[in-house]
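Worksheet: the structure to be examined is printed underneath.
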Amino acid sequence: MTMYPLLQAAAEVAGYNKNYMGAWGMMGAGIGAGLAIIGAGLGIGRVGGQAVEGMARQPEIAGQIQTAALIFAAFIEGAALFAVVVAFQIQGKF
(Lines give C-alpha, C1' and ligand atoms only; values in the text may rest on other atoms or scores of the structure.)
Protein backbone atom coordinates (compact mmCIF):
# COMPACT_ATOMS: atom_id res chain seq x y z
CA MET A 1 0.00 0.00 0.00
CA THR A 2 2.79 2.44 0.75
CA MET A 3 4.65 1.60 -2.47
CA TYR A 4 2.20 3.37 -4.80
CA PRO A 5 2.77 6.92 -3.45
CA LEU A 6 6.51 6.30 -3.59
CA LEU A 7 6.33 5.26 -7.25
CA GLN A 8 4.07 8.20 -8.05
CA ALA A 9 6.54 10.61 -6.46
CA ALA A 10 9.40 9.00 -8.37
CA ALA A 11 7.50 9.43 -11.65
CA GLU A 12 6.92 13.12 -10.91
CA VAL A 13 10.60 13.67 -10.07
CA ALA A 14 11.69 11.87 -13.25
CA GLY A 15 9.56 14.25 -15.30
CA TYR A 16 6.96 11.80 -16.55
CA ASN A 17 3.87 13.80 -17.32
CA LYS A 18 0.35 12.71 -18.22
CA ASN A 19 1.06 12.83 -21.97
CA TYR A 20 4.04 10.52 -21.61
CA MET A 21 2.07 8.03 -19.53
CA GLY A 22 -0.87 8.33 -21.93
CA ALA A 23 1.37 7.36 -24.83
CA TRP A 24 2.40 4.18 -23.05
CA GLY A 25 -1.24 3.49 -22.19
CA MET A 26 -2.27 3.84 -25.84
CA MET A 27 0.57 1.60 -26.95
CA GLY A 28 -0.37 -1.03 -24.39
CA ALA A 29 -4.02 -0.88 -25.43
CA GLY A 30 -3.11 -1.33 -29.08
CA ILE A 31 -0.82 -4.27 -28.36
CA GLY A 32 -3.45 -5.84 -26.11
CA ALA A 33 -6.19 -5.54 -28.71
CA GLY A 34 -3.92 -6.94 -31.41
CA LEU A 35 -2.89 -9.93 -29.30
CA ALA A 36 -6.52 -10.64 -28.44
CA ILE A 37 -7.50 -10.71 -32.10
CA ILE A 38 -4.52 -12.85 -33.07
CA GLY A 39 -5.32 -15.31 -30.29
CA ALA A 40 -8.96 -15.50 -31.31
CA GLY A 41 -8.03 -16.12 -34.93
CA LEU A 42 -5.67 -18.91 -33.99
CA GLY A 43 -8.21 -20.45 -31.62
CA ILE A 44 -11.10 -20.40 -34.07
CA GLY A 45 -8.86 -21.75 -36.82
CA ARG A 46 -7.76 -24.61 -34.63
CA VAL A 47 -11.33 -25.41 -33.56
CA GLY A 48 -12.49 -25.37 -37.18
CA GLY A 49 -9.64 -27.53 -38.40
CA GLN A 50 -10.05 -30.11 -35.67
CA ALA A 51 -13.82 -30.20 -36.22
CA VAL A 52 -13.40 -30.90 -39.92
CA GLU A 53 -10.84 -33.60 -39.13
CA GLY A 54 -13.21 -35.16 -36.60
CA MET A 55 -16.09 -35.10 -39.08
CA ALA A 56 -13.90 -36.76 -41.69
CA ARG A 57 -12.96 -39.53 -39.27
CA GLN A 58 -16.50 -40.13 -37.94
CA PRO A 59 -19.11 -38.86 -40.38
CA GLU A 60 -21.97 -40.39 -38.39
CA ILE A 61 -21.61 -37.82 -35.58
CA ALA A 62 -20.79 -34.82 -37.78
CA GLY A 63 -23.81 -32.90 -36.47
CA GLN A 64 -22.70 -33.18 -32.87
CA ILE A 65 -19.14 -32.18 -33.72
CA GLN A 66 -20.38 -29.19 -35.72
CA THR A 67 -22.60 -28.02 -32.87
CA ALA A 68 -19.77 -28.30 -30.34
CA ALA A 69 -17.37 -26.48 -32.67
CA LEU A 70 -19.80 -23.59 -33.10
CA ILE A 71 -20.26 -23.29 -29.33
CA PHE A 72 -16.49 -23.31 -28.75
CA ALA A 73 -15.99 -20.71 -31.48
CA ALA A 74 -18.59 -18.49 -29.81
CA PHE A 75 -16.78 -18.79 -26.47
CA ILE A 76 -13.47 -17.87 -28.09
CA GLU A 77 -15.04 -14.91 -29.86
CA GLY A 78 -16.64 -13.73 -26.62
CA ALA A 79 -13.32 -13.84 -24.78
CA ALA A 80 -11.64 -11.91 -27.60
CA LEU A 81 -14.38 -9.29 -27.62
CA PHE A 82 -14.01 -8.86 -23.87
CA ALA A 83 -10.25 -8.39 -24.24
CA VAL A 84 -10.70 -5.78 -26.99
CA VAL A 85 -13.25 -3.87 -24.90
CA VAL A 86 -10.85 -3.83 -21.95
CA ALA A 87 -8.08 -2.55 -24.23
CA PHE A 88 -10.32 0.24 -25.51
CA GLN A 89 -11.28 1.13 -21.94
CA ILE A 90 -7.58 1.52 -21.14
CA GLN A 91 -7.21 3.71 -24.22
CA GLY A 92 -10.13 5.85 -23.09
CA LYS A 93 -8.42 6.66 -19.78
CA PHE A 94 -5.88 8.88 -21.57
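Starting from 1 in every chain, residues are counted up; chains themselves are A, B, ... following the order of the C-alpha coordinates, and ligands are numbered from 1 as listed.
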
Non-local contacts of Ile44 in chain A (9 Å; only C-alpha atoms; under 3 positions in same chain excluded) as a list in words: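 Close residues of Ile44 in chain A: Gly39, Ala40, Gly41, Val47, Gly48, Gly49, Ala69, Phe72, Ala73, Ala74, Ile76 and Glu77 of chain A.
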
Quick one: everything within 6 Å of Ala87 in chain A, counting only C-alpha atoms, minus sequence neighbours fewer than 2 positions away in the same chain. Send it as a list in words.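 What passes the distance filter is Ala29, Gly32, Ala33, Val84, Val85, Gln89 and Ile90 of chain A.
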
One-decimal distance in Å that lies between CA of Gly63 in chain A and CA of Gly43 in chain A: 20.5 Å

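Between CA of Ala10 in chain A and CA of Trp24 in chain A lies a distance of 17.0 Å.
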
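What separates CA of Met3 in chain A from CA of Met21 in chain A is a distance of 18.4 Å.
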
Of the listed residues A:Thr67, A:Ala80, A:Glu12, A:Gln58, that which approaches Leu35 in chain A most closely, counting only C-alpha atoms: A:Ala80
